[in-house]
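One structure is given below, encoded as structure tokens.
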Amino acid sequence: MNVRPARPLTPLRIANSFRGHVSIPGFASPRRLVLHIGFVILTGRPLTYTLSSPTPVKREEGKFFGVVPLMSTTLGERASLGRTETVESTEAQPRRGRNDREVIVVGGSAAGLFTAASVARGGLRVRVLESKPQFEPAPRTLIVTDHFRHQMGAAARESIINEIRRFELFTDGRSAQVALTKPDLIVERSRLIPALAREAEQAGARLSFDTRFLGIGPNARGLRLEVESGGRREELHAGSVVGADGAASRVARASGWPPIETVPLVQAIVRLPKDCPSDTTRVWFVPDDTPYFYWLIPESPERGAVGVIGEHGSDTKRCFESFLEKKHLKPLEWQGARIPVYRGWVPVRRQIGNGEVYLVGDAAAQVKVSTVGGIVTGFRGALGVSQALLRNGRTHEFAALRRELRTHWLIRRALHNFEQKDYSQLVDLLDASTRQSLGEINRDESTRLLWNVVRRQPRLVLLGLRGLLMGKAERG
């Protein structure tokens with residue numbers, strides 16, 4: 001079937017000229033416009049159009065692929081009349097008509113800067129508001145899984161200061177060792193934040209320091225923010241706002257989210273004991289002191305971070321000081337933080353007028369409550385928000401993250417009510433096969449890890465159920 005190119009062909013004329021399927025080899029992710037005459041125009045860029053009778057079509061500059069019938073199975077999904085749709089693509093597509101609307105990220109946290117860099121790379125204008133005069137995060141040692149390497153750019157990898165290849169678990173005179181197939185990474189937060197800030201700036205995001213968020217409300221175009229910058233009140237405007245300002249998020253409170261429960265983390269830098277290899281993390285379960293655990297994480301062959309998570313600040317500090325004395329460890333410096341507790345999925349998006357507000361990281365309690373680690377899961381939340389902003393709300397990341405956090409919550413609910421005899425039994429049940437699973441599958445694949453562990457040691461199921469039932473009895 002031939003079309004005479006005697007006069008310039010508009011998309012509508014082409015659609016009227018074809019009466020069959022046009023084969024279009026070589027295109028991976030075209031845009032399509034469904035016409036009322038039963039055909040679809042495929043182009044390399046989006047078509048803009050308005051509906052009237054007859055249907056006028058305006059084509060943007062871009063490669064024209066052809067026209068296919070409406071019911072052609074090559075489109076992969078059913079088309080709707082009078083609507084532009086996008087065939088699924090692996091590349092993020094910025095929201096149409098919204099590139100001129102700024103995205104404001106409140107808080108220069110790790111998750112906030114990761115979000116800013118990702119959204120800026122996608123083509124949207126991004127501004128980060130940081131309340132401090134510059135990025136000077138307090139030093140704090142973090143331990144993350146190897147998944148961190150795959151999330152981060154080259155600049156942020158400079159925050160890695162050590163690698164951990166083995167865990168030693170202790171409780172009531174018992175012990176077990178778990179060798180890791182892929183090493184855990186020791187990250188220094190005071191290096192990570194500046195590195196992420198540089199990546200955000202290189203991607204095109206603007207960083208505004210000494211700018212404190214005060215409030216938020218709707219306006220005709222989207223959102224209106226009240227801030228204090230350099231001691232002066234200002235009003236900013238944005239289409240979308242991302243709250244990345246921690247567990248006590250001002251953005252969350254101003255936008256109607258309820259407060260998030262937090263627990264105290266206390267940590268001390270000490271000289272590494274001579275009997276502790278620099279590639280080995282030690283964990284102690286002492287349920288009389290805390291329902292969580294103590295740890296010793298080597299930063300180098302000379303220094304390590306000893307820490308604990310508790311439930312009440314004063315009790316936690318008292319127990320921690322006693323633990324340090326028993327282990328003959330002298331603090332060289334102190335570190336601390338309040339860590340959010342995940343007790344169920346926090347919806348990450350709210351509509352305010354014509355604008356939208358998102359939460360990421362600690363502001364949304366995106367923390368593995370089994371170990372109270374939040375760097376990798378916070379980055380996953382940031383990736384989900386970035387995809388939602390760039391793809392008209394379309395992302396699969398939130399569903400996967402929600403499943404991950406739910407599994408960690410189930411594990412924490414069981415462990416939280418363990419007594420000393422339960423931890424003793426837990427360590428005794430960690431046979432060679434179970435330890436192999438713990439070493440091969442990292443904590444950021446919790447569902448797969450849990451399934452493999454209980455498959456190799458079924459008695460752990462009964463132990464976990466006992467912990468869950470004890471928790472229910474206490475709540476009752």
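Chain labels run A, B, ... following the order of the structure tokens; each chain numbers its residues from 1, and ligands are numbered from 1 in the order shown.
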*Members of region 230-261 of chain A assigned alpha helix (DSSP H) by DSSP, as a list in words*: Arg250, Val251, Ala252, Arg253, Ala254 and Ser255 of chain A
Selected residues written out, N, CA and C atoms, as a PDB file, in the first residue's frame:
```pdb
ATOM      1  N   ARG A 250       8.972  18.721  59.946  1.00  0.00           N
ATOM      2  CA  ARG A 250       8.064  19.862  59.954  1.00  0.00           C
ATOM      3  C   ARG A 250       7.109  19.808  58.763  1.00  0.00           C
ATOM      4  N   VAL A 251       7.632  19.332  57.626  1.00  0.00           N
ATOM      5  CA  VAL A 251       6.783  19.232  56.431  1.00  0.00           C
ATOM      6  C   VAL A 251       5.635  18.260  56.685  1.00  0.00           C
ATOM      7  N   ALA A 252       5.929  17.122  57.302  1.00  0.00           N
ATOM      8  CA  ALA A 252       4.892  16.129  57.591  1.00  0.00           C
ATOM      9  C   ALA A 252       3.832  16.699  58.523  1.00  0.00           C
ATOM     10  N   ARG A 253       4.261  17.380  59.592  1.00  0.00           N
ATOM     11  CA  ARG A 253       3.290  17.933  60.539  1.00  0.00           C
ATOM     12  C   ARG A 253       2.440  19.005  59.873  1.00  0.00           C
ATOM     13  N   ALA A 254       3.075  19.893  59.089  1.00  0.00           N
ATOM     14  CA  ALA A 254       2.333  20.979  58.447  1.00  0.00           C
ATOM     15  C   ALA A 254       1.372  20.464  57.386  1.00  0.00           C
ATOM     16  N   SER A 255       1.655  19.277  56.829  1.00  0.00           N
ATOM     17  CA  SER A 255       0.832  18.723  55.753  1.00  0.00           C
ATOM     18  C   SER A 255      -0.204  17.727  56.253  1.00  0.00           C
TER      19      SER A 255
END
```
*Show which residues sit within 10 Å of Thr290 (chain A), as a ChimeraX atom specification. Count only C-alpha atoms, and ignore same-chain residues fewer than 2 positions away.*
/A:285-288,292-294,308-312,315-316,319-320,416
Proximity check region 339-416 of chain A to region 210-219 of chain A, 12 Å, nearest pairs one decimal Å, only C-alpha atoms, as CSV:
```
residue,atom,partner,partner_atom,distance
A:Gln351,CA,A:Pro218,CA,9.5
A:Ile352,CA,A:Pro218,CA,5.9
A:Gly353,CA,A:Pro218,CA,5.1
A:Asn354,CA,A:Pro218,CA,6.8
A:Gly355,CA,A:Pro218,CA,6.8
A:Glu356,CA,A:Pro218,CA,9.4
A:Val357,CA,A:Ile216,CA,9.7
```
_For region 365-372 of chain A: contacts at 9 Å, only C-alpha atoms, fewer than 3 positions along chain excluded, given as a PyMOL selection string_ = chain A and resi 246-247+260-261+292-293+309+339-346+360-362+375-378+380-381+401-402+404-413+415-416+443-444
*Would you mind listing what lies within 7 Å of region 178-182 of chain A as a list in words, with only C-alpha atoms counted and same-chain residues fewer than 6 positions away left out?*
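Neighbouring residues, sequence-local ones excluded: Asp146, Arg165, Arg166, Phe167, Glu168, Arg435, Leu438, Gly439 and Glu440 of chain A.
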Using the selection just defined, write its residues with N, CA and C atoms as a PDB file, in the first residue's frame.
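Final output, part_29.pdb:
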```
ATOM      1  N   ASP A 146      25.787  -4.600  50.958  1.00  0.00           N
ATOM      2  CA  ASP A 146      26.434  -4.363  49.661  1.00  0.00           C
ATOM      3  C   ASP A 146      25.493  -3.706  48.659  1.00  0.00           C
ATOM      4  N   ARG A 165      33.231  -8.582  56.844  1.00  0.00           N
ATOM      5  CA  ARG A 165      33.084  -9.882  56.194  1.00  0.00           C
ATOM      6  C   ARG A 165      32.567 -10.978  57.132  1.00  0.00           C
ATOM      7  N   ARG A 166      32.366 -10.620  58.390  1.00  0.00           N
ATOM      8  CA  ARG A 166      31.901 -11.638  59.330  1.00  0.00           C
ATOM      9  C   ARG A 166      31.151 -10.975  60.484  1.00  0.00           C
ATOM     10  N   PHE A 167      30.107 -11.656  60.970  1.00  0.00           N
ATOM     11  CA  PHE A 167      29.366 -11.255  62.160  1.00  0.00           C
ATOM     12  C   PHE A 167      29.590 -12.292  63.244  1.00  0.00           C
ATOM     13  N   GLU A 168      29.754 -11.817  64.469  1.00  0.00           N
ATOM     14  CA  GLU A 168      29.804 -12.693  65.626  1.00  0.00           C
ATOM     15  C   GLU A 168      28.644 -12.322  66.547  1.00  0.00           C
ATOM     16  N   ARG A 435      23.369 -20.618  58.954  1.00  0.00           N
ATOM     17  CA  ARG A 435      24.366 -19.546  58.885  1.00  0.00           C
ATOM     18  C   ARG A 435      24.781 -19.273  57.449  1.00  0.00           C
ATOM     19  N   LEU A 438      22.228 -16.949  56.030  1.00  0.00           N
ATOM     20  CA  LEU A 438      22.415 -15.616  56.582  1.00  0.00           C
ATOM     21  C   LEU A 438      23.593 -14.907  55.930  1.00  0.00           C
ATOM     22  N   GLY A 439      24.603 -15.673  55.532  1.00  0.00           N
ATOM     23  CA  GLY A 439      25.770 -15.075  54.893  1.00  0.00           C
ATOM     24  C   GLY A 439      25.600 -14.800  53.414  1.00  0.00           C
ATOM     25  N   GLU A 440      24.755 -15.579  52.754  1.00  0.00           N
ATOM     26  CA  GLU A 440      24.598 -15.441  51.301  1.00  0.00           C
ATOM     27  C   GLU A 440      23.575 -14.377  50.916  1.00  0.00           C
TER      28      GLU A 440
END
```
Give the strand (DSSP E or B) residues of region 166-408 of chain A, as assigned by DSSP on the backbone, as a compact mmCIF listing (two decimals) with N, CA and C atoms, in the first residue's frame.
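result.txt written:
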```
# COMPACT_ATOMS: atom_id res chain seq x y z
N ARG A 166 32.37 -10.62 58.39
CA ARG A 166 31.90 -11.64 59.33
C ARG A 166 31.15 -10.98 60.48
N PHE A 167 30.11 -11.66 60.97
CA PHE A 167 29.37 -11.26 62.16
C PHE A 167 29.59 -12.29 63.24
N GLU A 168 29.75 -11.82 64.47
CA GLU A 168 29.80 -12.69 65.63
C GLU A 168 28.64 -12.32 66.55
N LEU A 169 27.81 -13.30 66.88
CA LEU A 169 26.63 -13.09 67.70
C LEU A 169 26.86 -13.70 69.08
N PHE A 170 26.53 -12.95 70.14
CA PHE A 170 26.75 -13.41 71.51
C PHE A 170 25.48 -13.25 72.33
N THR A 171 25.24 -14.21 73.21
CA THR A 171 24.19 -14.09 74.21
C THR A 171 24.40 -15.14 75.29
N ARG A 174 26.82 -18.01 74.92
CA ARG A 174 26.77 -18.70 73.64
C ARG A 174 27.23 -17.75 72.53
N SER A 175 27.65 -18.33 71.40
CA SER A 175 28.09 -17.49 70.28
C SER A 175 27.88 -18.23 68.97
N ALA A 176 27.82 -17.47 67.90
CA ALA A 176 27.72 -18.02 66.54
C ALA A 176 28.38 -17.04 65.58
N GLN A 177 29.00 -17.58 64.54
CA GLN A 177 29.65 -16.74 63.53
C GLN A 177 28.95 -16.91 62.19
N VAL A 178 28.80 -15.79 61.48
CA VAL A 178 28.19 -15.79 60.14
C VAL A 178 29.17 -15.11 59.20
N ALA A 179 29.67 -15.85 58.21
CA ALA A 179 30.56 -15.29 57.19
C ALA A 179 29.73 -14.76 56.03
N LEU A 180 30.01 -13.53 55.61
CA LEU A 180 29.25 -12.88 54.54
C LEU A 180 29.87 -13.15 53.18
N THR A 181 29.04 -13.56 52.23
CA THR A 181 29.53 -13.76 50.86
C THR A 181 29.93 -12.42 50.24
N LYS A 182 29.10 -11.40 50.43
CA LYS A 182 29.42 -10.04 50.00
C LYS A 182 29.55 -9.18 51.25
N PRO A 183 30.62 -8.44 51.38
CA PRO A 183 30.86 -7.72 52.64
C PRO A 183 29.85 -6.61 52.88
N ASP A 184 29.52 -6.41 54.16
CA ASP A 184 28.81 -5.20 54.55
C ASP A 184 29.78 -4.02 54.47
N LEU A 185 29.23 -2.82 54.38
CA LEU A 185 30.04 -1.62 54.21
C LEU A 185 29.87 -0.71 55.41
N ILE A 186 30.96 -0.14 55.90
CA ILE A 186 30.92 0.84 56.96
C ILE A 186 31.00 2.22 56.32
N VAL A 187 29.98 3.02 56.58
CA VAL A 187 29.85 4.34 55.95
C VAL A 187 29.93 5.41 57.02
N GLU A 188 30.68 6.46 56.75
CA GLU A 188 30.73 7.60 57.65
C GLU A 188 29.76 8.68 57.15
N ARG A 206 19.58 23.06 42.86
CA ARG A 206 20.08 24.22 43.59
C ARG A 206 20.00 23.95 45.08
N LEU A 207 21.04 24.34 45.82
CA LEU A 207 21.07 24.16 47.27
C LEU A 207 20.96 25.53 47.93
N SER A 208 19.96 25.68 48.81
CA SER A 208 19.74 26.93 49.53
C SER A 208 19.98 26.67 51.02
N THR A 211 18.06 28.21 55.33
CA THR A 211 16.67 28.41 54.93
C THR A 211 15.81 27.41 55.69
N ARG A 212 15.00 27.93 56.59
CA ARG A 212 14.21 27.08 57.48
C ARG A 212 12.75 27.06 57.05
N PHE A 213 12.21 25.86 56.91
CA PHE A 213 10.80 25.69 56.52
C PHE A 213 9.90 26.07 57.68
N LEU A 214 8.85 26.87 57.38
CA LEU A 214 7.90 27.31 58.41
C LEU A 214 6.49 26.78 58.19
N GLY A 215 6.04 26.73 56.96
CA GLY A 215 4.67 26.29 56.70
C GLY A 215 4.41 26.08 55.23
N ILE A 216 3.24 25.51 54.93
CA ILE A 216 2.89 25.18 53.56
C ILE A 216 1.40 25.34 53.35
N GLY A 217 1.01 25.72 52.15
CA GLY A 217 -0.40 25.86 51.82
C GLY A 217 -0.58 25.88 50.31
N PRO A 218 -1.83 25.80 49.84
CA PRO A 218 -2.08 25.77 48.40
C PRO A 218 -2.08 27.18 47.80
N LEU A 223 1.81 24.94 45.23
CA LEU A 223 2.02 25.07 46.66
C LEU A 223 2.77 26.35 47.00
N ARG A 224 2.45 26.89 48.13
CA ARG A 224 3.12 28.08 48.65
C ARG A 224 3.82 27.69 49.94
N LEU A 225 5.11 27.99 50.03
CA LEU A 225 5.91 27.66 51.20
C LEU A 225 6.34 28.94 51.91
N GLU A 226 6.21 28.93 53.22
CA GLU A 226 6.75 30.01 54.03
C GLU A 226 8.07 29.53 54.61
N VAL A 227 9.13 30.31 54.40
CA VAL A 227 10.45 29.94 54.89
C VAL A 227 11.09 31.16 55.55
N GLU A 228 12.10 30.89 56.32
CA GLU A 228 12.92 31.95 56.90
C GLU A 228 14.33 31.76 56.37
N SER A 229 14.83 32.75 55.65
CA SER A 229 16.14 32.65 55.02
C SER A 229 17.00 33.82 55.48
N ARG A 232 15.16 36.43 57.46
CA ARG A 232 14.05 37.13 56.82
C ARG A 232 13.03 36.13 56.30
N ARG A 233 11.75 36.45 56.46
CA ARG A 233 10.68 35.58 55.97
C ARG A 233 10.51 35.76 54.46
N GLU A 234 10.31 34.63 53.78
CA GLU A 234 10.10 34.66 52.34
C GLU A 234 8.98 33.70 51.98
N GLU A 235 8.46 33.85 50.77
CA GLU A 235 7.44 32.95 50.25
C GLU A 235 7.96 32.32 48.96
N LEU A 236 7.93 31.01 48.91
CA LEU A 236 8.38 30.27 47.73
C LEU A 236 7.19 29.54 47.12
N HIS A 237 7.32 29.19 45.85
CA HIS A 237 6.25 28.49 45.14
C HIS A 237 6.80 27.25 44.44
N ALA A 238 6.04 26.19 44.47
CA ALA A 238 6.47 24.93 43.86
C ALA A 238 5.26 24.12 43.44
N SER A 240 5.58 20.70 43.53
CA SER A 240 5.67 19.55 44.43
C SER A 240 6.69 19.84 45.50
N VAL A 241 6.46 19.29 46.69
CA VAL A 241 7.38 19.44 47.82
C VAL A 241 7.69 18.05 48.35
N VAL A 242 8.97 17.82 48.67
CA VAL A 242 9.41 16.55 49.25
C VAL A 242 9.92 16.83 50.65
N GLY A 243 9.30 16.21 51.64
CA GLY A 243 9.76 16.33 53.03
C GLY A 243 10.82 15.30 53.31
N THR A 262 9.80 7.42 67.80
CA THR A 262 11.24 7.27 67.66
C THR A 262 11.83 6.58 68.90
N VAL A 263 13.02 6.03 68.73
CA VAL A 263 13.75 5.41 69.85
C VAL A 263 15.17 5.98 69.87
N PRO A 264 15.82 5.98 71.04
CA PRO A 264 17.16 6.56 71.14
C PRO A 264 18.25 5.59 70.67
N LEU A 265 19.20 6.13 69.93
CA LEU A 265 20.41 5.41 69.55
C LEU A 265 21.58 6.13 70.22
N VAL A 266 22.39 5.39 70.98
CA VAL A 266 23.58 5.94 71.62
C VAL A 266 24.79 5.15 71.12
N GLN A 267 25.84 5.88 70.77
CA GLN A 267 27.02 5.23 70.19
C GLN A 267 28.27 5.94 70.70
N ALA A 268 29.33 5.17 70.91
CA ALA A 268 30.61 5.73 71.36
C ALA A 268 31.73 5.19 70.47
N ILE A 269 32.67 6.06 70.14
CA ILE A 269 33.86 5.63 69.42
C ILE A 269 34.89 5.19 70.45
N VAL A 270 35.45 3.98 70.23
CA VAL A 270 36.41 3.40 71.18
C VAL A 270 37.61 2.86 70.42
N ARG A 271 38.67 2.58 71.16
CA ARG A 271 39.80 1.86 70.56
C ARG A 271 39.37 0.41 70.34
N THR A 280 35.24 -7.66 61.33
CA THR A 280 34.22 -8.44 62.05
C THR A 280 33.38 -7.54 62.93
N THR A 281 32.07 -7.62 62.76
CA THR A 281 31.12 -6.90 63.62
C THR A 281 30.62 -7.85 64.70
N ARG A 282 30.57 -7.35 65.93
CA ARG A 282 30.07 -8.15 67.04
C ARG A 282 28.70 -7.61 67.49
N VAL A 283 27.80 -8.54 67.82
CA VAL A 283 26.45 -8.19 68.27
C VAL A 283 26.15 -8.97 69.53
N TRP A 284 25.64 -8.25 70.55
CA TRP A 284 25.25 -8.88 71.81
C TRP A 284 23.75 -8.71 72.05
N TYR A 294 23.23 -4.66 71.45
CA TYR A 294 24.47 -3.88 71.43
C TYR A 294 25.28 -4.30 70.20
N TRP A 295 26.19 -3.41 69.77
CA TRP A 295 27.06 -3.77 68.65
C TRP A 295 28.43 -3.13 68.81
N LEU A 296 29.39 -3.73 68.13
CA LEU A 296 30.73 -3.17 67.97
C LEU A 296 31.08 -3.27 66.49
N ILE A 297 31.20 -2.11 65.84
CA ILE A 297 31.46 -2.03 64.40
C ILE A 297 32.84 -1.41 64.19
N PRO A 298 33.80 -2.15 63.66
CA PRO A 298 35.13 -1.58 63.41
C PRO A 298 35.09 -0.53 62.28
N ARG A 303 40.09 1.77 65.47
CA ARG A 303 38.91 2.34 66.11
C ARG A 303 37.65 1.57 65.74
N GLY A 304 36.66 1.65 66.63
CA GLY A 304 35.37 1.03 66.36
C GLY A 304 34.26 1.82 67.01
N ALA A 305 33.03 1.57 66.58
CA ALA A 305 31.84 2.22 67.14
C ALA A 305 31.05 1.19 67.93
N VAL A 306 30.86 1.47 69.22
CA VAL A 306 30.03 0.62 70.08
C VAL A 306 28.72 1.35 70.29
N GLY A 307 27.61 0.64 70.15
CA GLY A 307 26.33 1.33 70.28
C GLY A 307 25.22 0.43 70.77
N VAL A 308 24.08 1.06 71.03
CA VAL A 308 22.89 0.35 71.48
C VAL A 308 21.67 1.15 71.06
N ILE A 309 20.57 0.44 70.86
CA ILE A 309 19.27 1.06 70.65
C ILE A 309 18.40 0.66 71.82
N GLU A 333 34.70 9.43 72.01
CA GLU A 333 33.71 10.45 71.67
C GLU A 333 32.33 9.81 71.65
N TRP A 334 31.30 10.66 71.78
CA TRP A 334 29.92 10.17 71.85
C TRP A 334 29.15 10.57 70.60
N GLN A 335 28.22 9.72 70.20
CA GLN A 335 27.32 10.01 69.08
C GLN A 335 25.91 9.58 69.48
N GLY A 336 24.92 10.20 68.89
CA GLY A 336 23.54 9.83 69.24
C GLY A 336 22.55 10.33 68.22
N ALA A 337 21.37 9.76 68.25
CA ALA A 337 20.30 10.15 67.33
C ALA A 337 18.98 9.56 67.81
N ARG A 338 17.88 10.09 67.29
CA ARG A 338 16.56 9.49 67.48
C ARG A 338 16.19 8.78 66.17
N ILE A 339 15.87 7.51 66.25
CA ILE A 339 15.61 6.67 65.08
C ILE A 339 14.11 6.38 64.98
N PRO A 340 13.49 6.61 63.81
CA PRO A 340 12.06 6.31 63.68
C PRO A 340 11.78 4.81 63.78
N ARG A 349 2.39 10.21 49.98
CA ARG A 349 1.93 11.34 49.16
C ARG A 349 0.62 11.90 49.71
N ARG A 350 0.52 13.23 49.69
CA ARG A 350 -0.72 13.93 50.01
C ARG A 350 -0.94 15.05 49.02
N GLN A 351 -2.18 15.23 48.63
CA GLN A 351 -2.56 16.31 47.73
C GLN A 351 -2.97 17.52 48.57
N ILE A 352 -2.39 18.66 48.26
CA ILE A 352 -2.79 19.92 48.88
C ILE A 352 -3.13 20.89 47.75
N GLY A 355 -1.21 21.10 44.34
CA GLY A 355 0.14 20.60 44.53
C GLY A 355 0.15 19.28 45.27
N GLU A 356 1.34 18.70 45.39
CA GLU A 356 1.49 17.41 46.05
C GLU A 356 2.70 17.45 46.96
N VAL A 357 2.58 16.74 48.09
CA VAL A 357 3.65 16.66 49.07
C VAL A 357 4.03 15.19 49.24
N TYR A 358 5.33 14.92 49.23
CA TYR A 358 5.84 13.57 49.44
C TYR A 358 6.73 13.55 50.67
N LEU A 359 6.86 12.37 51.27
CA LEU A 359 7.80 12.14 52.36
C LEU A 359 8.79 11.05 51.96
N LYS A 368 14.38 -0.18 58.44
CA LYS A 368 14.27 -1.62 58.74
C LYS A 368 14.20 -1.77 60.26
N GLY A 373 18.08 0.09 60.67
CA GLY A 373 18.92 0.70 59.64
C GLY A 373 18.03 1.32 58.57
```
*asked:* Can you tell me which residues surround Ala197 (chain A) at a distance of at most 9 Å, considering only C-alpha atoms, apart from same-chain residues fewer than 3 positions away, and format the answer as a VMD selection string?
replied: chain A and resid 108 110 113 to 114 116 to 117 135 192 to 194 200 to 202 207
Write to file, as a PDB file, in the first residue's frame, the residues of the selection just made, with C-alpha atoms.
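Ended up saving to part-v5.pdb:
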```
ATOM      1  CA  GLY A 108      19.538  18.024  53.198  1.00  0.00           C
ATOM      2  CA  ALA A 110      20.780  11.493  52.631  1.00  0.00           C
ATOM      3  CA  LEU A 113      19.784  14.747  48.439  1.00  0.00           C
ATOM      4  CA  PHE A 114      19.374  11.397  46.689  1.00  0.00           C
ATOM      5  CA  ALA A 116      17.085  15.869  44.466  1.00  0.00           C
ATOM      6  CA  ALA A 117      19.804  14.346  42.282  1.00  0.00           C
ATOM      7  CA  PHE A 135      26.483  20.810  55.312  1.00  0.00           C
ATOM      8  CA  LEU A 192      28.191  10.688  52.810  1.00  0.00           C
ATOM      9  CA  ILE A 193      26.078  13.864  53.061  1.00  0.00           C
ATOM     10  CA  PRO A 194      28.601  16.234  51.371  1.00  0.00           C
ATOM     11  CA  ALA A 200      22.814  16.759  43.482  1.00  0.00           C
ATOM     12  CA  GLU A 201      24.489  20.000  42.368  1.00  0.00           C
ATOM     13  CA  GLN A 202      26.188  18.292  39.439  1.00  0.00           C
ATOM     14  CA  LEU A 207      21.071  24.163  47.267  1.00  0.00           C
TER      15      LEU A 207
END
```
_Computed interatomic separation between CA of Ile104 (chain A) and CA of Val126 (chain A) (Å)_ = 5.8 Å
*asked:* Given only C-alpha atoms as the basis, pick out the residue of A:Ser446, A:Val106, A:Ala203, A:Gly112 nearest to Ser386 (chain A).
replied: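 Answer, going by the shortest atom-to-atom distance: A:Gly112.
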*asked:* For a test of reading the model, state the distance in Å between CA of Thr141 (chain A) and CA of Ser159 (chain A), rounded to one decimal.
replied: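 So the two atoms, CA of Thr141 (chain A) and CA of Ser159 (chain A), lie 10.1 Å apart.
Reported to one decimal place, the separation of CA of Arg466 (chain A) from CA of Lys317 (chain A) is 29.5 Å.
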